[in-house]
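Enquirer: This one is target-v6.tsv, TSV, C-alpha atoms.
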```tsv
chain	number	residue	atom	x	y	z
A	535	MET	CA	-82.49	-27.58	71.08
A	536	ILE	CA	-80.79	-26.97	67.72
A	537	SER	CA	-77.09	-26.11	67.92
A	538	ARG	CA	-75.30	-23.63	65.64
A	539	PHE	CA	-74.56	-26.24	62.98
A	540	SER	CA	-77.45	-27.52	60.89
A	541	ILE	CA	-78.44	-31.13	60.39
A	542	SER	CA	-78.37	-32.18	56.76
A	543	LEU	CA	-81.65	-32.70	54.93
A	544	PRO	CA	-82.06	-36.52	54.84
A	545	VAL	CA	-81.33	-37.03	58.53
A	546	PHE	CA	-83.19	-33.87	59.50
A	547	PHE	CA	-86.33	-35.15	57.78
A	548	PHE	CA	-85.88	-38.39	59.68
A	549	VAL	CA	-85.45	-36.68	63.07
A	550	THR	CA	-88.05	-33.92	62.90
A	551	GLY	CA	-89.87	-33.90	59.58
A	552	MET	CA	-88.94	-30.23	59.25
A	553	LEU	CA	-86.26	-28.16	57.54
A	554	ILE	CA	-84.02	-25.31	58.62
A	555	ILE	CA	-81.58	-23.28	56.58
A	556	ALA	CA	-78.45	-22.13	58.38
A	557	PRO	CA	-78.36	-18.39	59.16
A	558	LEU	CA	-75.67	-16.35	57.46
A	559	PRO	CA	-73.40	-13.64	58.91
A	560	SER	CA	-73.30	-10.08	57.60
A	561	GLY	CA	-69.54	-9.51	57.81
A	562	GLY	CA	-66.96	-10.58	55.26
A	563	LEU	CA	-63.36	-11.50	54.53
A	564	GLN	CA	-62.87	-11.86	50.80
A	565	GLN	CA	-66.21	-10.78	49.37
A	566	THR	CA	-67.53	-12.47	46.21
A	567	SER	CA	-70.62	-11.21	44.38
A	568	SER	CA	-71.92	-14.19	42.43
A	569	GLN	CA	-74.45	-14.97	39.73
A	570	ASN	CA	-77.20	-17.42	40.63
A	571	GLU	CA	-79.02	-19.91	38.38
A	572	THR	CA	-82.36	-20.76	40.00
A	573	ILE	CA	-82.99	-24.48	40.39
A	574	GLY	CA	-85.87	-24.95	42.84
A	575	ARG	CA	-86.50	-24.80	46.57
A	576	VAL	CA	-84.37	-26.78	49.03
A	577	PRO	CA	-81.56	-28.03	46.80
A	578	HIS	CA	-79.22	-30.37	48.57
A	579	ALA	CA	-76.64	-32.08	46.35
A	580	ILE	CA	-74.93	-31.76	42.97
A	581	ALA	CA	-73.50	-34.11	40.35
A	582	VAL	CA	-71.47	-33.24	37.25
A	583	GLY	CA	-71.33	-34.97	33.85
A	584	ASP	CA	-71.47	-34.26	30.11
A	585	PHE	CA	-75.14	-34.97	29.39
A	586	ASN	CA	-75.23	-33.77	25.77
A	587	ALA	CA	-71.80	-35.02	24.61
A	588	ASP	CA	-70.48	-31.56	23.68
A	589	GLY	CA	-67.32	-31.87	25.76
A	590	ILE	CA	-68.53	-29.37	28.38
A	591	PRO	CA	-69.49	-30.53	31.90
A	592	ASP	CA	-73.14	-30.09	32.89
A	593	VAL	CA	-74.74	-30.37	36.35
A	594	ALA	CA	-77.74	-32.01	37.99
A	595	VAL	CA	-79.25	-30.77	41.27
A	596	PRO	CA	-82.26	-32.20	43.17
A	597	ALA	CA	-84.77	-29.75	44.67
A	598	ALA	CA	-86.43	-31.50	47.60
A	599	ALA	CA	-89.30	-29.10	48.25
A	600	GLU	CA	-90.41	-29.10	44.60
A	601	ARG	CA	-90.01	-32.85	43.94
A	602	LYS	CA	-87.77	-32.37	40.92
A	603	VAL	CA	-84.22	-32.64	39.64
A	604	ALA	CA	-82.82	-29.74	37.63
A	605	ILE	CA	-80.57	-30.45	34.63
A	606	LEU	CA	-78.36	-27.49	33.71
A	607	LEU	CA	-76.60	-27.73	30.34
A	608	SER	CA	-73.47	-25.59	30.25
A	609	ASN	CA	-72.79	-22.98	27.57
A	610	GLY	CA	-69.00	-23.28	27.77
A	611	LYS	CA	-68.65	-19.77	29.19
A	612	GLY	CA	-69.34	-20.48	32.85
A	613	GLY	CA	-73.10	-20.19	32.49
A	614	PHE	CA	-75.94	-22.38	31.31
A	615	ALA	CA	-77.65	-22.66	27.93
A	616	SER	CA	-80.53	-24.74	29.27
A	617	ASN	CA	-82.25	-25.26	32.62
A	618	HIS	CA	-84.84	-28.04	32.60
A	619	ALA	CA	-86.42	-30.00	35.45
A	620	TYR	CA	-87.82	-33.52	35.73
A	621	ALA	CA	-90.37	-34.69	38.28
A	622	THR	CA	-89.17	-37.06	41.03
A	623	GLY	CA	-90.63	-38.72	44.08
A	624	ILE	CA	-91.11	-36.95	47.41
A	625	GLY	CA	-88.15	-35.04	48.85
A	626	PRO	CA	-85.27	-35.82	46.47
A	627	SER	CA	-82.08	-35.13	48.41
A	628	TRP	CA	-79.43	-36.81	46.27
A	629	VAL	CA	-78.56	-37.33	42.61
A	630	GLU	CA	-76.09	-39.81	41.11
A	631	ILE	CA	-74.85	-40.07	37.53
A	632	GLY	CA	-73.85	-43.15	35.52
A	633	ASP	CA	-74.59	-45.19	32.42
A	634	PHE	CA	-77.07	-47.55	34.02
A	635	ASN	CA	-78.51	-49.16	30.87
A	636	GLY	CA	-75.23	-49.65	29.02
A	637	ASP	CA	-76.01	-47.52	25.96
A	638	GLY	CA	-72.99	-45.25	26.37
A	639	LYS	CA	-75.09	-42.27	27.50
A	640	LEU	CA	-75.25	-40.79	30.98
A	641	ASP	CA	-78.31	-41.50	33.12
A	642	ILE	CA	-79.33	-40.15	36.54
A	643	VAL	CA	-80.93	-41.53	39.68
A	644	THR	CA	-82.36	-39.53	42.58
A	645	ALA	CA	-82.73	-40.64	46.18
A	646	ASN	CA	-86.18	-39.52	47.32
A	647	THR	CA	-85.86	-39.33	51.09
A	648	GLY	CA	-89.47	-38.40	51.75
A	649	GLY	CA	-90.95	-40.96	49.37
A	650	GLY	CA	-88.93	-44.03	50.25
A	651	ASP	CA	-87.75	-44.74	46.72
A	652	LEU	CA	-85.27	-43.91	43.96
A	653	SER	CA	-86.20	-42.39	40.59
A	654	LEU	CA	-84.27	-43.54	37.52
A	655	TYR	CA	-83.99	-41.53	34.28
A	656	PHE	CA	-82.29	-42.59	31.05
A	657	GLY	CA	-80.40	-39.98	29.06
A	658	ASP	CA	-80.53	-39.71	25.28
A	659	GLY	CA	-77.03	-38.24	24.92
A	660	ARG	CA	-78.46	-34.87	23.80
A	661	GLY	CA	-79.26	-33.53	27.27
A	662	ASN	CA	-82.76	-34.98	27.55
A	663	PHE	CA	-83.97	-37.60	30.03
A	664	SER	CA	-86.93	-39.97	30.16
A	665	LYS	CA	-88.34	-41.58	33.28
A	666	ALA	CA	-87.32	-45.25	33.39
A	667	GLY	CA	-89.16	-46.07	36.60
A	668	ASP	CA	-88.88	-46.04	40.38
A	669	ILE	CA	-86.91	-48.35	42.63
A	670	THR	CA	-89.35	-48.83	45.48
A	671	ASN	CA	-89.43	-50.13	49.06
A	672	ILE	CA	-86.32	-48.25	50.21
A	673	PRO	CA	-87.47	-46.24	53.24
A	674	GLY	CA	-85.75	-42.88	53.71
A	675	PRO	CA	-82.82	-43.13	51.28
A	676	ALA	CA	-80.30	-40.38	52.07
A	677	SER	CA	-77.59	-40.86	49.45
A	678	ALA	CA	-76.59	-43.22	46.65
A	679	VAL	CA	-73.41	-44.01	44.76
A	680	ALA	CA	-72.87	-45.87	41.49
A	681	VAL	CA	-70.40	-48.73	41.89
A	682	ASN	CA	-69.73	-51.97	40.02
A	683	ILE	CA	-69.89	-54.34	42.97
A	684	ASN	CA	-69.65	-57.65	41.10
A	685	ARG	CA	-67.27	-56.62	38.27
A	686	ASN	CA	-69.68	-57.55	35.48
A	687	GLY	CA	-69.37	-54.19	33.74
A	688	ARG	CA	-72.69	-52.80	35.02
A	689	LEU	CA	-73.02	-49.97	37.49
A	690	ASP	CA	-74.87	-51.06	40.62
A	691	LEU	CA	-76.03	-48.81	43.46
A	692	ALA	CA	-75.23	-48.51	47.14
A	693	VAL	CA	-77.78	-46.55	49.21
A	694	THR	CA	-77.79	-45.30	52.82
A	695	GLN	CA	-80.90	-45.43	55.03
A	696	PRO	CA	-80.46	-43.26	58.17
A	697	LYS	CA	-83.54	-44.36	60.11
A	698	GLU	CA	-82.81	-48.05	59.55
A	699	SER	CA	-79.07	-47.54	60.22
A	700	ARG	CA	-78.10	-49.58	57.21
A	701	LEU	CA	-76.45	-49.59	53.82
A	702	ILE	CA	-78.08	-51.56	51.03
A	703	THR	CA	-76.80	-52.57	47.61
A	704	LEU	CA	-78.91	-52.85	44.46
A	705	GLU	CA	-77.77	-55.06	41.59
A	706	ASN	CA	-78.07	-53.69	38.07
A	707	LEU	CA	-79.88	-56.16	35.82
A	708	GLY	CA	-79.32	-54.09	32.69
A	709	GLY	CA	-81.23	-50.91	33.45
A	710	SER	CA	-83.42	-52.22	36.27
A	711	PHE	CA	-82.37	-52.99	39.83
A	712	ARG	CA	-83.04	-55.55	42.54
A	713	ALA	CA	-82.02	-55.65	46.18
A	714	SER	CA	-78.72	-57.44	46.65
A	715	ALA	CA	-77.37	-57.14	50.21
A	716	THR	CA	-77.90	-55.24	53.45
A	717	TYR	CA	-75.28	-54.03	55.94
A	718	GLU	CA	-75.76	-52.56	59.39
A	719	VAL	CA	-74.06	-49.16	59.73
A	720	GLY	CA	-73.69	-47.58	63.16
A	721	ARG	CA	-76.50	-45.12	63.70
A	722	ALA	CA	-77.86	-42.59	61.18
A	723	PRO	CA	-75.59	-43.24	58.19
A	724	HIS	CA	-75.54	-40.26	55.85
A	725	ILE	CA	-73.31	-39.97	52.76
A	726	VAL	CA	-71.83	-43.03	51.04
A	727	THR	CA	-68.69	-42.47	48.94
A	728	LYS	CA	-66.91	-44.77	46.49
A	729	VAL	CA	-63.17	-45.13	47.10
A	730	GLU	CA	-60.39	-47.66	46.53
A	731	LEU	CA	-58.60	-48.10	49.82
A	732	ASN	CA	-56.62	-51.35	49.76
A	733	GLY	CA	-55.10	-51.31	46.28
A	734	ASP	CA	-56.78	-54.45	44.94
A	735	GLY	CA	-58.51	-52.66	42.07
A	736	ILE	CA	-61.96	-53.31	43.53
A	737	SER	CA	-64.14	-50.39	44.61
A	738	ASP	CA	-64.71	-49.91	48.33
A	739	LEU	CA	-67.21	-47.74	50.21
A	740	VAL	CA	-67.03	-45.37	53.17
A	741	VAL	CA	-70.09	-44.12	55.04
A	742	GLY	CA	-70.26	-41.27	57.55
A	743	THR	CA	-72.55	-41.88	60.53
A	744	PHE	CA	-74.11	-38.89	62.29
A	745	ALA	CA	-74.98	-40.46	65.64
A	746	ARG	CA	-71.61	-42.19	66.13
A	747	HIS	CA	-69.43	-39.56	64.42
A	748	MET	CA	-67.60	-42.34	62.63
A	749	LEU	CA	-66.57	-43.31	59.12
A	750	SER	CA	-67.51	-46.92	58.37
A	751	VAL	CA	-65.34	-48.77	55.84
A	752	PHE	CA	-66.62	-51.50	53.51
A	753	LEU	CA	-64.01	-53.29	51.41
A	754	GLY	CA	-65.28	-54.66	48.11
A	755	LYS	CA	-64.76	-58.37	47.50
A	756	GLY	CA	-65.62	-58.21	43.80
A	757	ASP	CA	-68.34	-60.84	44.09
A	758	GLY	CA	-71.18	-58.43	44.83
A	759	THR	CA	-70.51	-58.23	48.57
A	760	PHE	CA	-68.43	-56.14	50.94
A	761	LEU	CA	-66.25	-56.94	53.92
A	762	VAL	CA	-67.14	-54.79	56.92
A	763	ALA	CA	-63.71	-53.46	57.84
A	764	GLY	CA	-64.63	-51.39	60.87
A	765	GLU	CA	-65.01	-47.78	61.93
A	766	THR	CA	-62.71	-44.78	62.18
A	767	GLN	CA	-63.44	-41.88	64.55
A	768	VAL	CA	-63.52	-38.64	62.57
A	769	GLY	CA	-65.48	-35.97	64.46
A	770	ARG	CA	-69.00	-34.77	65.03
A	771	PHE	CA	-71.46	-34.88	62.14
A	772	PRO	CA	-69.38	-36.03	59.15
A	773	HIS	CA	-70.77	-34.84	55.82
A	774	TYR	CA	-69.04	-34.99	52.43
A	775	VAL	CA	-65.91	-37.08	51.90
A	776	ALA	CA	-63.19	-36.34	49.33
A	777	ALA	CA	-60.63	-38.95	48.27
A	778	GLY	CA	-57.12	-38.61	46.88
A	779	ASP	CA	-53.49	-39.48	47.51
A	780	TRP	CA	-52.54	-36.39	49.54
A	781	ASN	CA	-48.96	-37.52	50.25
A	782	ARG	CA	-48.32	-39.44	46.99
A	783	ASP	CA	-47.40	-42.69	48.71
A	784	GLY	CA	-49.58	-44.71	46.35
A	785	HIS	CA	-52.42	-45.18	48.85
A	786	GLN	CA	-55.78	-43.45	48.79
A	787	ASP	CA	-56.34	-40.93	51.58
A	788	LEU	CA	-59.55	-39.22	52.67
A	789	ALA	CA	-60.79	-35.84	53.84
A	790	VAL	CA	-64.06	-35.46	55.77
A	791	ALA	CA	-66.04	-32.27	56.36
A	792	CYS	CA	-67.24	-32.42	59.98
A	793	ALA	CA	-69.95	-29.90	60.83
A	794	GLY	CA	-69.58	-30.24	64.58
A	795	GLU	CA	-65.82	-29.63	64.49
A	796	ASP	CA	-65.76	-26.65	62.10
A	797	ALA	CA	-63.00	-28.50	60.32
A	798	VAL	CA	-61.94	-30.92	57.62
A	799	ILE	CA	-60.42	-34.08	59.08
A	800	LEU	CA	-57.60	-35.64	57.03
A	801	LEU	CA	-57.19	-39.41	57.10
A	802	GLN	CA	-54.19	-41.34	55.79
A	803	GLY	CA	-54.78	-44.67	54.07
A	804	ASP	CA	-52.55	-47.71	53.76
A	805	SER	CA	-52.51	-50.87	51.68
A	806	THR	CA	-54.91	-52.68	54.03
A	807	GLY	CA	-57.84	-50.28	53.95
A	808	MET	CA	-57.11	-48.92	57.42
A	809	LEU	CA	-57.29	-45.17	58.08
A	810	ARG	CA	-55.56	-42.97	60.63
A	811	LYS	CA	-55.88	-39.28	61.36
A	812	MET	CA	-53.14	-37.22	59.71
A	813	GLY	CA	-54.31	-33.67	60.34
A	814	THR	CA	-57.08	-31.10	60.67
A	815	LEU	CA	-57.90	-28.14	58.46
A	816	PRO	CA	-59.92	-25.37	60.16
A	817	MET	CA	-63.04	-24.00	58.47
A	818	GLY	CA	-65.82	-21.57	59.26
A	819	ASP	CA	-69.01	-22.55	61.07
A	820	ASN	CA	-70.83	-25.66	59.88
A	821	PRO	CA	-68.70	-27.16	57.06
A	822	HIS	CA	-70.66	-29.42	54.74
A	823	GLY	CA	-69.60	-29.67	51.07
A	824	LEU	CA	-66.12	-30.89	50.09
A	825	ILE	CA	-64.37	-31.60	46.78
A	826	ALA	CA	-60.82	-32.51	45.71
A	827	ALA	CA	-59.21	-31.15	42.50
A	828	ASP	CA	-56.01	-29.44	41.34
A	829	PHE	CA	-56.97	-25.79	41.65
A	830	ASN	CA	-53.53	-24.18	41.21
A	831	SER	CA	-52.26	-26.39	38.35
A	832	ASP	CA	-49.20	-27.70	40.20
A	833	GLY	CA	-50.06	-31.40	39.80
A	834	PHE	CA	-51.05	-31.85	43.46
A	835	LEU	CA	-54.58	-32.36	44.72
A	836	ASP	CA	-56.19	-29.49	46.60
A	837	LEU	CA	-59.44	-29.25	48.57
A	838	ALA	CA	-62.39	-26.86	48.52
A	839	GLY	CA	-65.08	-26.92	51.19
A	840	SER	CA	-68.19	-24.92	52.04
A	841	ALA	CA	-69.04	-23.62	55.51
A	842	ARG	CA	-72.82	-23.21	55.54
A	843	THR	CA	-73.40	-20.97	58.55
A	844	ALA	CA	-70.27	-18.89	57.88
A	845	GLY	CA	-71.30	-18.37	54.26
A	846	GLU	CA	-67.77	-19.14	53.12
A	847	VAL	CA	-65.87	-21.35	50.69
A	848	SER	CA	-62.43	-22.41	51.88
A	849	VAL	CA	-59.63	-23.57	49.57
A	850	PHE	CA	-56.69	-25.66	50.80
A	851	LEU	CA	-53.70	-26.05	48.46
A	852	GLY	CA	-51.94	-29.41	48.72
A	853	ASP	CA	-48.14	-29.68	48.76
A	854	GLY	CA	-47.99	-33.32	47.62
A	855	LYS	CA	-46.52	-34.34	50.98
A	856	GLY	CA	-49.77	-34.50	52.94
A	857	GLY	CA	-49.78	-30.84	53.93
A	858	PHE	CA	-52.17	-28.08	52.88
A	859	THR	CA	-51.91	-24.29	52.77
A	860	VAL	CA	-55.04	-22.41	53.81
A	861	VAL	CA	-56.14	-19.74	51.33
A	862	THR	CA	-58.19	-16.77	52.58
A	863	PRO	CA	-61.82	-17.95	52.53
A	864	LEU	CA	-64.22	-16.59	49.94
A	865	ARG	CA	-67.19	-14.86	51.53
A	866	ILE	CA	-70.21	-15.97	49.50
A	867	ASN	CA	-72.83	-14.83	52.03
A	868	GLN	CA	-75.01	-17.75	51.01
A	869	ASP	CA	-75.74	-21.12	52.58
A	870	ILE	CA	-73.58	-23.32	50.31
A	871	ILE	CA	-74.65	-26.88	51.04
A	872	ALA	CA	-72.71	-28.70	48.30
A	873	LEU	CA	-70.16	-28.00	45.58
A	874	THR	CA	-68.33	-29.61	42.70
A	875	ALA	CA	-65.35	-28.77	40.48
A	876	ALA	CA	-64.91	-28.91	36.69
A	877	ASP	CA	-63.59	-26.78	33.81
A	878	PHE	CA	-66.84	-25.11	32.85
A	879	ASP	CA	-65.37	-22.51	30.46
A	880	ARG	CA	-62.77	-24.72	28.72
A	881	ASP	CA	-59.76	-22.60	29.69
A	882	GLY	CA	-57.86	-25.50	31.27
A	883	LYS	CA	-58.47	-24.30	34.83
A	884	MET	CA	-60.77	-25.81	37.43
A	885	ASP	CA	-63.91	-23.86	38.29
A	886	LEU	CA	-66.51	-24.33	41.03
A	887	ALA	CA	-70.27	-24.89	40.95
A	888	LEU	CA	-71.90	-24.21	44.32
A	889	VAL	CA	-75.36	-25.21	45.51
A	890	SER	CA	-76.94	-22.38	47.51
A	891	ALA	CA	-79.65	-23.64	49.86
A	892	SER	CA	-80.53	-20.10	50.94
A	893	HIS	CA	-80.98	-18.84	47.35
A	894	SER	CA	-82.26	-22.09	45.78
A	895	SER	CA	-79.68	-21.76	43.04
A	896	VAL	CA	-76.36	-22.81	41.54
A	897	VAL	CA	-73.54	-20.29	41.90
A	898	MET	CA	-70.64	-20.43	39.40
A	899	LEU	CA	-67.09	-19.33	40.23
A	900	ARG	CA	-64.24	-19.10	37.72
A	901	GLY	CA	-60.87	-20.51	38.74
A	902	ASP	CA	-57.72	-18.49	37.98
A	903	GLY	CA	-55.44	-21.55	37.95
A	904	LYS	CA	-53.65	-20.29	41.06
A	905	GLY	CA	-56.17	-21.35	43.68
A	906	GLY	CA	-58.30	-18.22	43.49
A	907	PHE	CA	-61.91	-17.84	42.31
A	908	LEU	CA	-64.08	-14.99	41.03
A	909	PRO	CA	-67.58	-14.81	39.54
A	910	PHE	CA	-67.84	-15.45	35.82
A	911	ALA	CA	-68.35	-12.29	33.76
A	912	ARG	CA	-71.84	-12.00	32.32
A	913	LYS	CA	-71.89	-12.89	28.62
```
Starting from the coordinates I provided, produce the structure as structure tokens.
Expert:
Amino acid sequence: MISRFSISLPVFFFVTGMLIIAPLPSGGLQQTSSQNETIGRVPHAIAVGDFNADGIPDVAVPAAAERKVAILLSNGKGGFASNHAYATGIGPSWVEIGDFNGDGKLDIVTANTGGGDLSLYFGDGRGNFSKAGDITNIPGPASAVAVNINRNGRLDLAVTQPKESRLITLENLGGSFRASATYEVGRAPHIVTKVELNGDGISDLVVGTFARHMLSVFLGKGDGTFLVAGETQVGRFPHYVAAGDWNRDGHQDLAVACAGEDAVILLQGDSTGMLRKMGTLPMGDNPHGLIAADFNSDGFLDLAGSARTAGEVSVFLGDGKGGFTVVTPLRINQDIIALTAADFDRDGKMDLALVSASHSSVVMLRGDGKGGFLPFARK
């Protein structure tokens, strides 16, 4: 039996080998008619970076059903000047950005859940990418994050494997990778996120586990390994994690979108890497995507999250004391599976790029600098 919230693509492939897209309601609160940029069937994640060095953020989105990753180069007006795709392995469900070969230009790597490998592409700094090779023998990778685990100046990778219930690290040898370490992670680990929890200047990792409804914490030691710090109960089916100092106490806090709770769970951090629940923010049915940014230009971090089944985007404005004000949700009437924030039109205000699973597209929303969003005007 499938409940009203959907299981995310990597773990859903692992459980059933099938795919569902969450149904959308017909009603509406704050209606938003949006423009869509087609990217390919079954998109699942999004990453943002300036691929052509023009000072304007671009986006990359994997399309699992078409075995490709779409590279969208922004036009500086809230739209895209170029939409080009590169072939990947089977079922790409994640994309990560970083300078992996040390040439000062952004590269990308996709996690190919269906193929059991990662695909690496080197960027030329002008918006083009060339296939650098595949990182093989990684069954069912669900997500990956770039992190310098041994402090040698190179970006390594940490990858989750739901079926094996483990997190693995891959050492960067200068543009190629080799397996470094393996860590057991509850059951069905999903998204891995880079954070800095204990104030030692070394990157840490947190991993949401579907079967245990936990957030597993790994504290970086700086020597290429991690200390397994334990688990924190968050709620059913944790998806995306956003990090920031919500209460400005100098310690990194977290927010977790939990599909089974219809809520964002707020966690307060301390100087030891421990986390404790500090609050809950209600959302519509089946929350999934989550991002932190300053949407109303007051110097405090805010949150934006997508509720897939509800077809809504919720914005929560932070007060700098750990509290958030709920803004009336935007009714997108699309299955928004992931989202990111950046200033796509260079007006000094944060905008949103949404990944629509139901429309196989990227949806762009223009921020008004007050916490509100509207579609970009057609140019």
Enquirer: Select, from A:Gly623, A:Gly610, A:Gly857, A:Gly754, the residue with the minimum atom-to-atom distance to Thr814 (chain A), counting all atoms listed in the file.
Expert: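 Nearest candidate to Thr814 (chain A) out of A:Gly623, A:Gly610, A:Gly857, A:Gly754: A:Gly857.
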Enquirer: Please indicate the distance in Å from CA of Asn686 (chain A) to CA of Ser737 (chain A), rounded to one decimal place.
Expert: 12.9 Å
Enquirer: Can you tell me how far CA of His785 (chain A) sits from CA of Gly856 (chain A), in Å to one decimal?
Expert: 11.7 Å
Enquirer: Can you pull out the residues contacting Ala875 (chain A)? Cut-off 7 Å, using all atoms listed in the file, and skip same-chain residues under 3 positions away; I want them as a ChimeraX atom specification.
Expert: /A:825,827,884-887
Enquirer: With distances taken over all atoms listed in the file, which of A:Gly720, A:Gly667, A:Gly839, A:Pro673 is nearest to Leu873 (chain A)?
Expert: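 Closest residue, counting all atoms listed in the file: A:Gly839.
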Enquirer: Calculated over all atoms listed in the file, which of the candidates A:Phe752, A:Ala676, A:Gly612, A:Asn732 has the smallest distance to Leu908 (chain A)?
Expert: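 Of A:Phe752, A:Ala676, A:Gly612, A:Asn732, the one nearest Leu908 (chain A), counting all atoms listed in the file, is A:Gly612.
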Enquirer: List the spatial neighbours of Asp584 (chain A) as an NGL selection string - criterion: any atom at most 9 Å away, all atoms listed in the file, same-chain residues fewer than 6 positions off excluded.
Expert: :A and (590-593 or 607-608 or 640 or 659 or 661)
Enquirer: Would you list the contacts of Arg746 (chain A) as a list of chain:residue names, taking every protein, DNA or RNA residue within 10 Å and counting all atoms listed in the file, but skipping same-chain residues closer than 4 positions in sequence?
Expert: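 Close residues of Arg746 (chain A): A:Val719, A:Gly720, A:Arg721, A:Ala722, A:Pro723, A:Gly742, A:Ser750, A:Glu765, A:Gln767, A:Val768, A:Gly769, A:Arg770, A:Phe771, A:Pro772.
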